[in-house]
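Next comes final10.pdb, with PDB, C-alpha atoms.
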```pdb
ATOM      1  CA  MET D 350       0.000   0.000   0.000
ATOM      2  CA  ASN D 351       1.138   3.517  -0.750
ATOM      3  CA  GLN D 352       2.778   4.853   2.443
ATOM      4  CA  LYS D 353       1.179   8.289   2.061
ATOM      5  CA  LYS D 354      -2.335   6.799   1.805
ATOM      6  CA  CYS D 355      -1.581   4.504   4.725
ATOM      7  CA  GLY D 356      -0.541   7.479   6.850
ATOM      8  CA  VAL D 357      -3.688   9.417   5.985
ATOM      9  CA  ARG D 358      -5.896   6.455   6.885
ATOM     10  CA  TRP D 359      -4.026   5.896  10.147
ATOM     11  CA  HIS D 360      -4.538   9.520  11.250
ATOM     12  CA  ALA D 361      -8.190   9.306  10.254
ATOM     13  CA  LEU D 362      -8.609   6.138  12.337
ATOM     14  CA  ILE D 363      -7.063   7.847  15.374
ATOM     15  CA  ALA D 364      -9.461  10.780  14.987
ATOM     16  CA  VAL D 365     -12.480   8.428  14.819
ATOM     17  CA  VAL D 366     -11.381   6.506  17.927
ATOM     18  CA  ALA D 367     -10.698   9.726  19.869
ATOM     19  CA  THR D 368     -14.115  11.118  18.947
ATOM     20  CA  ALA D 369     -15.826   7.929  19.999
ATOM     21  CA  CYS D 370     -13.897   7.880  23.266
ATOM     22  CA  VAL D 371     -14.960  11.446  24.097
ATOM     23  CA  ALA D 372     -18.576  10.575  23.315
ATOM     24  CA  ALA D 373     -18.366   7.552  25.585
ATOM     25  CA  GLY D 374     -16.751   9.520  28.392
ATOM     26  CA  CYS D 375     -13.597   7.383  28.448
ATOM     27  CA  MET D 376     -11.189  10.374  28.394
ATOM     28  CA  GLN D 377     -10.339  11.950  31.749
ATOM     29  CA  SER D 378     -10.744  15.698  32.166
ATOM     30  CA  ALA D 379      -7.558  17.702  32.513
ATOM     31  CA  ASP D 380      -6.251  18.154  36.039
ATOM     32  CA  LEU D 381      -6.162  21.917  36.581
ATOM     33  CA  SER D 382      -5.485  21.795  40.294
ATOM     34  CA  ALA D 383      -1.895  22.991  39.890
ATOM     35  CA  VAL D 384      -3.023  25.949  37.789
ATOM     36  CA  GLN D 385      -5.735  26.844  40.282
ATOM     37  CA  ALA D 386      -3.298  26.559  43.191
ATOM     38  CA  GLU D 387      -0.861  28.920  41.456
ATOM     39  CA  ARG D 388      -3.614  31.452  40.801
ATOM     40  CA  ALA D 389      -4.632  31.334  44.458
ATOM     41  CA  LYS D 390      -1.193  32.474  45.648
ATOM     42  CA  SER D 391      -0.622  36.048  46.761
ATOM     43  CA  VAL D 392       2.492  36.107  44.586
ATOM     44  CA  ALA D 393       2.685  33.800  41.568
ATOM     45  CA  ARG D 394       5.663  32.802  39.480
ATOM     46  CA  PHE D 395       3.960  34.218  36.388
ATOM     47  CA  ASP D 396       3.761  37.720  37.939
ATOM     48  CA  THR D 397       5.824  40.421  36.266
ATOM     49  CA  PHE D 398       6.349  43.136  38.839
ATOM     50  CA  GLN D 399       6.900  46.507  37.169
ATOM     51  CA  SER D 400       6.793  48.851  40.154
ATOM     52  CA  ALA D 401       7.229  49.111  43.900
ATOM     53  CA  ALA D 402       6.794  51.651  46.697
ATOM     54  CA  SER D 403       6.955  51.847  50.476
ATOM     55  CA  ASN D 404       5.664  54.374  52.995
ATOM     56  CA  GLY D 405       7.865  52.989  55.758
ATOM     57  CA  LYS D 406       5.203  50.651  57.113
ATOM     58  CA  VAL D 407       3.515  49.126  54.071
ATOM     59  CA  MET D 408       5.226  47.856  50.930
ATOM     60  CA  ALA D 409       3.355  47.620  47.640
ATOM     61  CA  ALA D 410       4.232  46.198  44.228
ATOM     62  CA  GLY D 411       2.264  46.373  40.983
ATOM     63  CA  THR D 412       2.131  43.820  38.186
ATOM     64  CA  ALA D 413       1.825  43.948  34.421
ATOM     65  CA  GLY D 414      -1.305  41.824  34.718
ATOM     66  CA  GLY D 415      -3.267  44.308  36.823
ATOM     67  CA  ALA D 416      -2.700  43.268  40.436
ATOM     68  CA  ILE D 417      -1.224  45.024  43.462
ATOM     69  CA  VAL D 418       0.296  43.075  46.337
ATOM     70  CA  THR D 419       0.928  44.640  49.738
ATOM     71  CA  SER D 420       2.714  43.646  52.933
ATOM     72  CA  ALA D 421       2.540  45.263  56.371
ATOM     73  CA  ASP D 422       4.939  42.859  58.112
ATOM     74  CA  GLY D 423       8.190  43.379  56.257
ATOM     75  CA  GLY D 424       7.402  40.964  53.435
ATOM     76  CA  LYS D 425       6.604  37.877  55.525
ATOM     77  CA  ASN D 426       3.017  37.871  54.239
ATOM     78  CA  TRP D 427       1.501  39.461  51.156
ATOM     79  CA  THR D 428      -2.086  40.351  50.269
ATOM     80  CA  ARG D 429      -3.089  40.293  46.617
ATOM     81  CA  GLN D 430      -5.663  42.636  45.125
ATOM     82  CA  ALA D 431      -6.746  42.071  41.535
ATOM     83  CA  LEU D 432      -7.731  45.446  40.115
ATOM     84  CA  PRO D 433     -11.326  45.441  38.811
ATOM     85  CA  GLU D 434     -10.481  47.027  35.461
ATOM     86  CA  LEU D 435      -8.044  46.319  32.630
ATOM     87  CA  SER D 436      -4.821  47.501  34.234
ATOM     88  CA  SER D 437      -1.032  47.356  34.180
ATOM     89  CA  VAL D 438       0.723  49.129  37.055
ATOM     90  CA  ILE D 439       3.932  50.511  35.572
ATOM     91  CA  ALA D 440       5.121  52.874  38.342
ATOM     92  CA  MET D 441       4.393  53.529  42.017
ATOM     93  CA  THR D 442       5.075  56.197  44.626
ATOM     94  CA  ALA D 443       4.512  56.943  48.303
ATOM     95  CA  CYS D 444       3.487  60.363  49.620
ATOM     96  CA  ALA D 445       4.577  62.159  52.775
ATOM     97  CA  ASP D 446       1.166  61.529  54.348
ATOM     98  CA  GLY D 447       1.619  57.766  53.861
ATOM     99  CA  SER D 448      -0.765  57.403  50.942
ATOM    100  CA  LEU D 449       0.294  55.257  47.988
ATOM    101  CA  ALA D 450      -0.338  55.645  44.270
ATOM    102  CA  GLY D 451       0.215  53.441  41.244
ATOM    103  CA  LEU D 452       0.384  54.645  37.651
ATOM    104  CA  ASP D 453      -1.687  52.490  35.312
ATOM    105  CA  PHE D 454      -0.702  52.154  31.653
ATOM    106  CA  TYR D 455      -4.411  52.483  30.848
ATOM    107  CA  HIS D 456      -4.651  56.181  31.742
ATOM    108  CA  LYS D 457      -5.464  55.806  35.431
ATOM    109  CA  VAL D 458      -3.810  56.314  38.777
ATOM    110  CA  TRP D 459      -4.743  53.899  41.562
ATOM    111  CA  VAL D 460      -4.730  55.708  44.907
ATOM    112  CA  SER D 461      -4.722  54.119  48.350
ATOM    113  CA  GLY D 462      -4.514  55.220  51.956
ATOM    114  CA  ALA D 463      -1.558  54.457  54.193
ATOM    115  CA  THR D 464      -2.638  50.846  54.807
ATOM    116  CA  GLY D 465      -2.828  49.924  51.117
ATOM    117  CA  ALA D 466      -6.087  48.097  51.840
ATOM    118  CA  ARG D 467      -8.245  49.761  49.186
ATOM    119  CA  TRP D 468      -7.277  51.165  45.793
ATOM    120  CA  GLU D 469      -9.430  53.653  43.878
ATOM    121  CA  PRO D 470      -8.956  54.548  40.197
ATOM    122  CA  LYS D 471      -8.514  58.180  39.163
ATOM    123  CA  SER D 472      -8.563  58.838  35.428
ATOM    124  CA  PHE D 473      -6.529  61.366  33.472
ATOM    125  CA  ASP D 474      -6.449  62.542  29.847
ATOM    126  CA  LYS D 475      -6.502  59.487  27.577
ATOM    127  CA  LYS D 476      -4.458  61.392  24.999
ATOM    128  CA  PHE D 477      -1.529  61.505  27.433
ATOM    129  CA  ASN D 478       0.738  58.480  27.750
ATOM    130  CA  ALA D 479       2.328  58.747  31.195
ATOM    131  CA  VAL D 480       5.260  56.529  32.167
ATOM    132  CA  SER D 481       6.379  57.760  35.597
ATOM    133  CA  ILE D 482       4.829  59.070  38.813
ATOM    134  CA  THR D 483       6.060  60.779  41.969
ATOM    135  CA  CYS D 484       4.606  62.538  44.991
ATOM    136  CA  ASP D 485       6.122  65.748  46.350
ATOM    137  CA  GLY D 486       6.399  66.952  49.941
ATOM    138  CA  ALA D 487       3.000  68.651  49.717
ATOM    139  CA  ASN D 488       1.372  65.309  48.753
ATOM    140  CA  ARG D 489       0.772  66.405  45.162
ATOM    141  CA  LEU D 490       0.937  63.688  42.497
ATOM    142  CA  TRP D 491       3.056  64.275  39.402
ATOM    143  CA  LEU D 492       2.981  62.370  36.105
ATOM    144  CA  VAL D 493       5.409  62.663  33.200
ATOM    145  CA  GLY D 494       5.485  61.027  29.800
ATOM    146  CA  ALA D 495       5.028  61.646  26.078
ATOM    147  CA  HIS D 496       5.615  65.008  24.385
ATOM    148  CA  THR D 497       7.466  66.388  27.433
ATOM    149  CA  THR D 498       4.154  66.664  29.257
ATOM    150  CA  ILE D 499       3.931  67.081  33.018
ATOM    151  CA  MET D 500       0.639  66.664  34.894
ATOM    152  CA  SER D 501      -0.039  67.321  38.582
ATOM    153  CA  SER D 502      -2.881  66.790  41.014
ATOM    154  CA  ALA D 503      -3.327  68.398  44.427
ATOM    155  CA  ASP D 504      -6.401  66.292  45.245
ATOM    156  CA  LYS D 505      -5.113  62.722  44.762
ATOM    157  CA  GLY D 506      -6.169  62.471  41.140
ATOM    158  CA  ALA D 507      -9.641  64.040  41.255
ATOM    159  CA  SER D 508      -8.424  66.853  38.964
ATOM    160  CA  TRP D 509      -5.255  67.488  36.977
ATOM    161  CA  THR D 510      -3.185  70.459  35.792
ATOM    162  CA  THR D 511      -1.057  70.115  32.650
ATOM    163  CA  VAL D 512       2.205  71.755  31.601
ATOM    164  CA  THR D 513       4.110  70.855  28.445
ATOM    165  CA  LEU D 514       7.403  71.886  26.891
ATOM    166  CA  GLY D 515       6.079  71.021  23.435
ATOM    167  CA  GLU D 516       9.007  68.755  22.550
ATOM    168  CA  ASP D 517       8.695  65.452  20.681
ATOM    169  CA  ALA D 518      10.342  63.518  23.506
ATOM    170  CA  MET D 519       9.222  61.401  26.440
ATOM    171  CA  PHE D 520      10.043  62.204  30.041
ATOM    172  CA  THR D 521      10.876  59.011  31.952
ATOM    173  CA  SER D 522      11.374  60.370  35.470
ATOM    174  CA  VAL D 523      10.351  63.277  37.696
ATOM    175  CA  GLN D 524      11.387  64.183  41.227
ATOM    176  CA  PHE D 525      11.129  67.070  43.697
ATOM    177  CA  THR D 526      14.128  67.651  45.935
ATOM    178  CA  ASP D 527      12.276  70.241  48.052
ATOM    179  CA  ALA D 528       9.034  72.225  47.991
ATOM    180  CA  GLN D 529      10.120  74.417  45.080
ATOM    181  CA  ARG D 530      12.752  72.536  43.112
ATOM    182  CA  GLY D 531      12.014  69.642  40.779
ATOM    183  CA  ILE D 532      13.686  67.960  37.828
ATOM    184  CA  ALA D 533      12.472  65.759  34.978
ATOM    185  CA  THR D 534      14.678  63.786  32.601
ATOM    186  CA  GLY D 535      13.819  61.908  29.454
ATOM    187  CA  GLU D 536      14.366  60.797  25.897
ATOM    188  CA  PHE D 537      17.160  62.388  23.830
ATOM    189  CA  GLY D 538      18.754  63.531  27.083
ATOM    190  CA  THR D 539      15.988  66.048  27.730
ATOM    191  CA  VAL D 540      16.230  67.820  31.088
ATOM    192  CA  ALA D 541      13.685  70.232  32.559
ATOM    193  CA  THR D 542      13.682  71.938  35.950
ATOM    194  CA  THR D 543      11.313  73.983  38.090
ATOM    195  CA  VAL D 544      12.111  76.407  40.896
ATOM    196  CA  ASP D 545       8.531  77.478  41.642
ATOM    197  CA  GLY D 546       6.940  74.257  42.814
ATOM    198  CA  GLY D 547       6.071  73.053  39.319
ATOM    199  CA  ALA D 548       4.113  76.088  38.169
ATOM    200  CA  THR D 549       6.588  76.531  35.310
ATOM    201  CA  TRP D 550       9.316  74.320  33.851
ATOM    202  CA  GLN D 551      12.421  75.349  31.932
ATOM    203  CA  LYS D 552      14.339  73.181  29.513
ATOM    204  CA  GLY D 553      18.027  72.902  30.371
ATOM    205  CA  PRO D 554      21.092  71.593  28.533
ATOM    206  CA  ALA D 555      20.513  68.086  27.162
ATOM    207  CA  ILE D 556      22.456  65.072  28.362
ATOM    208  CA  PRO D 557      24.820  64.332  25.431
ATOM    209  CA  GLY D 558      24.598  61.401  23.048
ATOM    210  CA  ASP D 559      20.817  61.191  22.549
ATOM    211  CA  TYR D 560      20.766  59.632  25.993
ATOM    212  CA  TYR D 561      17.715  57.584  27.055
ATOM    213  CA  PRO D 562      17.378  57.402  30.861
ATOM    214  CA  TYR D 563      15.646  54.517  32.595
ATOM    215  CA  ALA D 564      15.819  56.168  36.011
ATOM    216  CA  THR D 565      17.189  59.370  37.544
ATOM    217  CA  TRP D 566      17.468  60.288  41.215
ATOM    218  CA  PHE D 567      18.743  63.402  43.001
ATOM    219  CA  ALA D 568      20.007  63.518  46.579
ATOM    220  CA  ASP D 569      19.544  67.305  46.528
ATOM    221  CA  ALA D 570      19.100  70.048  43.960
ATOM    222  CA  GLN D 571      22.664  69.630  42.675
ATOM    223  CA  HIS D 572      23.764  65.999  43.033
ATOM    224  CA  GLY D 573      22.066  63.355  40.896
ATOM    225  CA  TRP D 574      22.587  60.001  39.181
ATOM    226  CA  SER D 575      21.015  58.429  36.113
ATOM    227  CA  THR D 576      20.908  54.976  34.523
ATOM    228  CA  GLY D 577      20.320  54.602  30.818
ATOM    229  CA  LEU D 578      20.123  52.455  27.739
ATOM    230  CA  GLY D 579      23.010  50.030  27.305
ATOM    231  CA  GLY D 580      24.007  50.052  30.951
ATOM    232  CA  VAL D 581      25.148  53.678  30.951
ATOM    233  CA  LEU D 582      25.630  55.294  34.377
ATOM    234  CA  LEU D 583      25.960  59.064  34.784
ATOM    235  CA  ARG D 584      26.289  61.616  37.574
ATOM    236  CA  THR D 585      25.821  65.362  37.849
ATOM    237  CA  GLU D 586      27.033  67.786  40.491
ATOM    238  CA  ASP D 587      25.441  70.965  39.125
ATOM    239  CA  GLY D 588      21.735  70.178  38.960
ATOM    240  CA  GLY D 589      21.848  68.468  35.573
ATOM    241  CA  LYS D 590      23.746  71.040  33.537
ATOM    242  CA  LYS D 591      26.679  68.680  33.010
ATOM    243  CA  TRP D 592      26.911  64.901  33.381
ATOM    244  CA  GLN D 593      29.902  62.604  33.792
ATOM    245  CA  PRO D 594      30.044  58.848  33.039
ATOM    246  CA  MET D 595      30.602  56.327  35.825
ATOM    247  CA  ASP D 596      31.746  52.705  35.728
ATOM    248  CA  ASN D 597      28.934  50.143  35.841
ATOM    249  CA  PRO D 598      30.351  47.051  37.604
ATOM    250  CA  ALA D 599      27.267  45.000  36.688
ATOM    251  CA  GLY D 600      27.868  45.462  32.964
ATOM    252  CA  THR D 601      24.105  45.239  32.347
ATOM    253  CA  PRO D 602      21.186  47.681  31.983
ATOM    254  CA  LEU D 603      19.884  49.045  35.290
ATOM    255  CA  TYR D 604      16.190  49.886  35.422
ATOM    256  CA  ALA D 605      15.658  51.553  38.797
ATOM    257  CA  LEU D 606      17.478  53.606  41.409
ATOM    258  CA  VAL D 607      16.589  53.003  45.056
ATOM    259  CA  PRO D 608      17.792  55.398  47.793
ATOM    260  CA  GLN D 609      18.418  53.448  50.976
ATOM    261  CA  GLY D 610      19.673  55.238  54.053
ATOM    262  CA  ASP D 611      22.975  56.891  53.139
ATOM    263  CA  ALA D 612      23.441  54.637  50.092
ATOM    264  CA  LEU D 613      21.964  54.436  46.607
ATOM    265  CA  TYR D 614      21.195  51.116  44.928
ATOM    266  CA  ALA D 615      20.532  50.280  41.287
ATOM    267  CA  VAL D 616      18.713  47.132  40.115
ATOM    268  CA  GLY D 617      18.447  45.616  36.675
ATOM    269  CA  ALA D 618      18.999  42.847  34.167
ATOM    270  CA  GLY D 619      19.896  39.377  35.398
ATOM    271  CA  GLY D 620      18.947  40.345  38.937
ATOM    272  CA  ALA D 621      21.951  42.654  39.189
ATOM    273  CA  VAL D 622      22.162  45.007  42.163
ATOM    274  CA  ILE D 623      24.924  47.565  42.599
ATOM    275  CA  VAL D 624      25.449  50.133  45.349
ATOM    276  CA  LEU D 625      26.963  53.618  45.362
ATOM    277  CA  ARG D 626      29.169  54.384  48.322
ATOM    278  CA  ASP D 627      31.931  56.975  48.635
ATOM    279  CA  GLY D 628      31.403  58.072  45.039
ATOM    280  CA  ARG D 629      31.901  54.600  43.533
ATOM    281  CA  TRP D 630      29.553  51.873  42.323
ATOM    282  CA  THR D 631      30.285  48.304  43.450
ATOM    283  CA  ARG D 632      28.494  44.993  42.954
ATOM    284  CA  PHE D 633      26.120  43.956  45.711
ATOM    285  CA  ASP D 634      25.775  40.205  46.310
ATOM    286  CA  HIS D 635      22.212  39.816  47.564
ATOM    287  CA  GLY D 636      22.320  36.013  47.515
ATOM    288  CA  VAL D 637      19.021  35.588  45.645
ATOM    289  CA  ALA D 638      18.631  33.625  42.408
ATOM    290  CA  ILE D 639      16.741  35.916  40.017
ATOM    291  CA  ALA D 640      15.256  34.115  37.016
ATOM    292  CA  ALA D 641      15.051  37.146  34.734
ATOM    293  CA  TYR D 642      15.455  40.762  35.830
ATOM    294  CA  LEU D 643      14.615  43.306  38.512
ATOM    295  CA  THR D 644      12.561  46.321  37.510
ATOM    296  CA  SER D 645      12.030  48.235  40.728
ATOM    297  CA  GLY D 646      12.714  48.600  44.416
ATOM    298  CA  ALA D 647      11.724  50.539  47.518
ATOM    299  CA  ALA D 648      13.229  51.206  50.943
ATOM    300  CA  LEU D 649      11.167  50.014  53.906
ATOM    301  CA  ASN D 650      13.570  51.511  56.455
ATOM    302  CA  PRO D 651      17.303  52.343  56.591
ATOM    303  CA  GLN D 652      18.166  48.625  56.893
ATOM    304  CA  THR D 653      15.613  46.934  54.629
ATOM    305  CA  MET D 654      14.906  47.143  50.896
ATOM    306  CA  LEU D 655      12.284  45.544  48.640
ATOM    307  CA  VAL D 656      13.325  44.455  45.142
ATOM    308  CA  ALA D 657      10.867  43.252  42.514
ATOM    309  CA  GLY D 658      10.874  42.031  38.934
ATOM    310  CA  ALA D 659       9.868  39.385  36.427
ATOM    311  CA  ALA D 660       9.037  35.708  37.044
ATOM    312  CA  GLY D 661       7.465  36.490  40.412
ATOM    313  CA  ALA D 662      10.614  38.055  41.861
ATOM    314  CA  LEU D 663       9.669  39.756  45.133
ATOM    315  CA  HIS D 664      12.360  39.841  47.807
ATOM    316  CA  VAL D 665      13.145  41.860  50.917
ATOM    317  CA  LEU D 666      16.836  42.440  51.561
ATOM    318  CA  ALA D 667      18.179  43.202  55.032
ATOM    319  CA  LEU D 668      21.234  45.290  54.348
ATOM    320  CA  PRO D 669      24.027  44.780  53.924
ATOM    321  CA  GLY D 670      23.847  41.513  52.045
ATOM    322  CA  LYS D 671      21.265  39.458  53.911
ATOM    323  CA  LEU D 672      17.930  38.094  52.733
ATOM    324  CA  ALA D 673      15.228  39.140  55.173
ATOM    325  CA  SER D 674      12.210  37.723  53.378
ATOM    326  CA  THR D 675      11.424  36.124  50.044
ATOM    327  CA  VAL D 676       8.431  34.593  48.331
ATOM    328  CA  THR D 677       8.803  30.988  47.268
ATOM    329  CA  ASN D 678       6.892  30.354  44.046
TER     330      ASN D 678
END
```
Using C-alpha cells, write down the structure from this file.
Amino acid sequence: MNQKKCGVRWHALIAVVATACVAAGCMQSADLSAVQAERAKSVARFDTFQSAASNGKVMAAGTAGGAIVTSADGGKNWTRQALPELSSVIAMTACADGSLAGLDFYHKVWVSGATGARWEPKSFDKKFNAVSITCDGANRLWLVGAHTTIMSSADKGASWTTVTLGEDAMFTSVQFTDAQRGIATGEFGTVATTVDGGATWQKGPAIPGDYYPYATWFADAQHGWSTGLGGVLLRTEDGGKKWQPMDNPAGTPLYALVPQGDALYAVGAGGAVIVLRDGRWTRFDHGVAIAAYLTSGAALNPQTMLVAGAAGALHVLALPGKLASTVTN
C-alpha cells in the first residue's frame, strides 16, 4: 500500500477513535489543580512586577497583569488585590502623608490610603501616555510622559493640571528635591527643571549622546545620578547642567534607582544590584537567584529594601547583604 495513503488512513482512524472515546466519556478531564493553586497564591511565578513603593510601614508592588500586592509585616506575608479594570501598574510612589499611588498604563492612577487596603482609580487625559509618577512633599501627584508633558494633582487624582514643553520627547522620570525645586529627565537627554513648585518648567542643557534614561534620582538640587540604555551610568554635580560617566560594575542595563539610608542602589537585568558608596559603584551580592530581571525597588527603612521584577521576583533584603524575606513560588 502507498505509504502516504496509509498514513492518511491511520490519522483518520485515530481521529475516529478519539471522537468515539470522548462521546463515551472514556477520556479523563484535565487536572487543573496545579493551575488553580498557582492562581490562588498572593504572589505567583507568572507575575511580572513593574513597580514598587513603600511608605515605611507598608510595601506595595504592581504587576503587568493588573494586580497590586501589599505587605505590612516586612514581606513575611503578602495580600493580593486584583484590580477590577483592565490595568497594568507601571510605576508607584509613596506620599509624605503615607498614601500610595500606582500609575496604570491604561490612563489611570490607583490611589490608596496608608494601609494599602483599598485602591481607587482616578482617570486622566486618555491622549496623554504617562510613564512615571512621583509625589512631592506637599502630597501632590506628578505624572510625566510623552511630548514632554507634566501633569499634577493636588487632590489625589480628582483633577489634573497640565504643563508641556512642546518637545517630541518622552520624560521618563520626575522628582522634587524640596518644595520648590524639581527635575524631569527623558528621551534624547531632555532635562527640565522647576524652581517654583512646578508652576513653570524650563528646559536645560541636554544630556549628550541622545541619551535615554531609565531612572534618575537626586540627593539634593545639585547631586544626581542616572541609569540609561546600554548600561550607561551618569552623575551630575550641578543640577543636571553637566553629566559625567561612571563605571557600571554589573555590565548590564539598570532599570531603577533606590535610595536606601545613606546609600543608593541600582537594580536591573539578570537580577543585578549595585550600590553607590563613597562616590563609587560596586556589585552587591544579595544572595538571591533571580530568574530574569529586577525592575524596581523601595526602601522600607534604613536597613531593609524591597526588590521586585519578572518571574514572580519579590524579595526583601536586610542590608548589607542578607535576605530578610522572600516569596517561594
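Shell of segment 604-606 of chain D at 6 Å, with only C-alpha atoms counted and residues fewer than 5 places along the chain excluded, is Tyr563, Ala564, Tyr614, Ala615, Val616, Gly617, Thr644 and Ser645 of chain D.
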Q: Kindly extract all protein, DNA and RNA residues lying within 9 Å of the coordinates (-3.6, 49.1, 55.5) given in the file, considering all atoms listed in the file, and supply them as a VMD selection string.
A: chain D and resid 407 419 to 421 461 to 467
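Across the model, the gap from atom CA of Gly646 of chain D to atom CA of Ala548 of chain D is 29.5 Å.
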Q. For Arg530 of chain D, which residue among D:Thr498, D:Gly405, D:Val512, D:Asp569 is the nearest when counting all atoms listed in the file?
A. D:Asp569
Q) How many Å lie between atom CA of Gly547 of chain D and atom CA of Leu514 of chain D, rounded to one decimal? A) 12.6 Å
Q) Can you tell me, as a PyMOL selection string, what residues are no more than 12 Å from Gly538 of chain D when counting only C-alpha atoms, ignoring any on the same chain fewer than 2 positions away? A) chain D and resi 497+516+518-522+533-536+540-541+552-565+575-578+583+589-592
Q: Run the PyMOL selection byres ((chain D and resi 432) around 9) on the file and write out the hits as an NGL selection string.
A: :D and (415-417 or 430-431 or 433-436 or 468)
Q: Do a neighbour search on Glu469 of chain D at 9 Å with all atoms listed in the file, toss out local chain neighbours closer than 3 positions, and write the hits as an MDAnalysis selection string.
A: chainID D and resid 458:461
Some atoms are missing, so please complete segment 420-435 of chain D with N, CA and C atoms and return it as a PDB file, in the coordinates of the input.
```pdb
ATOM      1  N   SER D 420       2.271  44.321  51.716  1.00  0.00           N
ATOM      2  CA  SER D 420       2.714  43.646  52.933  1.00  0.00           C
ATOM      3  C   SER D 420       2.907  44.683  54.030  1.00  0.00           C
ATOM      4  N   ALA D 421       2.389  44.376  55.217  1.00  0.00           N
ATOM      5  CA  ALA D 421       2.540  45.263  56.371  1.00  0.00           C
ATOM      6  C   ALA D 421       3.425  44.644  57.445  1.00  0.00           C
ATOM      7  N   ASP D 422       4.084  43.523  57.122  1.00  0.00           N
ATOM      8  CA  ASP D 422       4.939  42.859  58.112  1.00  0.00           C
ATOM      9  C   ASP D 422       6.339  42.583  57.561  1.00  0.00           C
ATOM     10  N   GLY D 423       6.829  43.511  56.764  1.00  0.00           N
ATOM     11  CA  GLY D 423       8.190  43.379  56.257  1.00  0.00           C
ATOM     12  C   GLY D 423       8.375  42.332  55.195  1.00  0.00           C
ATOM     13  N   GLY D 424       7.301  41.923  54.522  1.00  0.00           N
ATOM     14  CA  GLY D 424       7.402  40.964  53.435  1.00  0.00           C
ATOM     15  C   GLY D 424       7.189  39.520  53.830  1.00  0.00           C
ATOM     16  N   LYS D 425       6.860  39.264  55.109  1.00  0.00           N
ATOM     17  CA  LYS D 425       6.604  37.877  55.525  1.00  0.00           C
ATOM     18  C   LYS D 425       5.305  37.361  54.907  1.00  0.00           C
ATOM     19  N   ASN D 426       4.313  38.230  54.826  1.00  0.00           N
ATOM     20  CA  ASN D 426       3.017  37.871  54.239  1.00  0.00           C
ATOM     21  C   ASN D 426       2.593  38.972  53.268  1.00  0.00           C
ATOM     22  N   TRP D 427       1.954  38.530  52.179  1.00  0.00           N
ATOM     23  CA  TRP D 427       1.501  39.461  51.156  1.00  0.00           C
ATOM     24  C   TRP D 427       0.007  39.274  50.904  1.00  0.00           C
ATOM     25  N   THR D 428      -0.669  40.369  50.637  1.00  0.00           N
ATOM     26  CA  THR D 428      -2.086  40.351  50.269  1.00  0.00           C
ATOM     27  C   THR D 428      -2.212  40.791  48.820  1.00  0.00           C
ATOM     28  N   ARG D 429      -2.950  40.003  48.044  1.00  0.00           N
ATOM     29  CA  ARG D 429      -3.089  40.293  46.617  1.00  0.00           C
ATOM     30  C   ARG D 429      -4.451  40.928  46.326  1.00  0.00           C
ATOM     31  N   GLN D 430      -4.429  41.983  45.548  1.00  0.00           N
ATOM     32  CA  GLN D 430      -5.663  42.636  45.125  1.00  0.00           C
ATOM     33  C   GLN D 430      -5.671  42.724  43.601  1.00  0.00           C
ATOM     34  N   ALA D 431      -6.581  41.997  42.985  1.00  0.00           N
ATOM     35  CA  ALA D 431      -6.746  42.071  41.535  1.00  0.00           C
ATOM     36  C   ALA D 431      -7.573  43.313  41.220  1.00  0.00           C
ATOM     37  N   LEU D 432      -7.025  44.210  40.424  1.00  0.00           N
ATOM     38  CA  LEU D 432      -7.731  45.446  40.115  1.00  0.00           C
ATOM     39  C   LEU D 432      -8.937  45.141  39.236  1.00  0.00           C
ATOM     40  N   PRO D 433     -10.068  45.813  39.468  1.00  0.00           N
ATOM     41  CA  PRO D 433     -11.326  45.441  38.811  1.00  0.00           C
ATOM     42  C   PRO D 433     -11.452  45.907  37.375  1.00  0.00           C
ATOM     43  N   GLU D 434     -10.449  46.556  36.835  1.00  0.00           N
ATOM     44  CA  GLU D 434     -10.481  47.027  35.461  1.00  0.00           C
ATOM     45  C   GLU D 434      -9.218  46.573  34.742  1.00  0.00           C
ATOM     46  N   LEU D 435      -9.241  46.626  33.402  1.00  0.00           N
ATOM     47  CA  LEU D 435      -8.044  46.319  32.630  1.00  0.00           C
ATOM     48  C   LEU D 435      -6.927  47.246  33.078  1.00  0.00           C
TER      49      LEU D 435
END
```
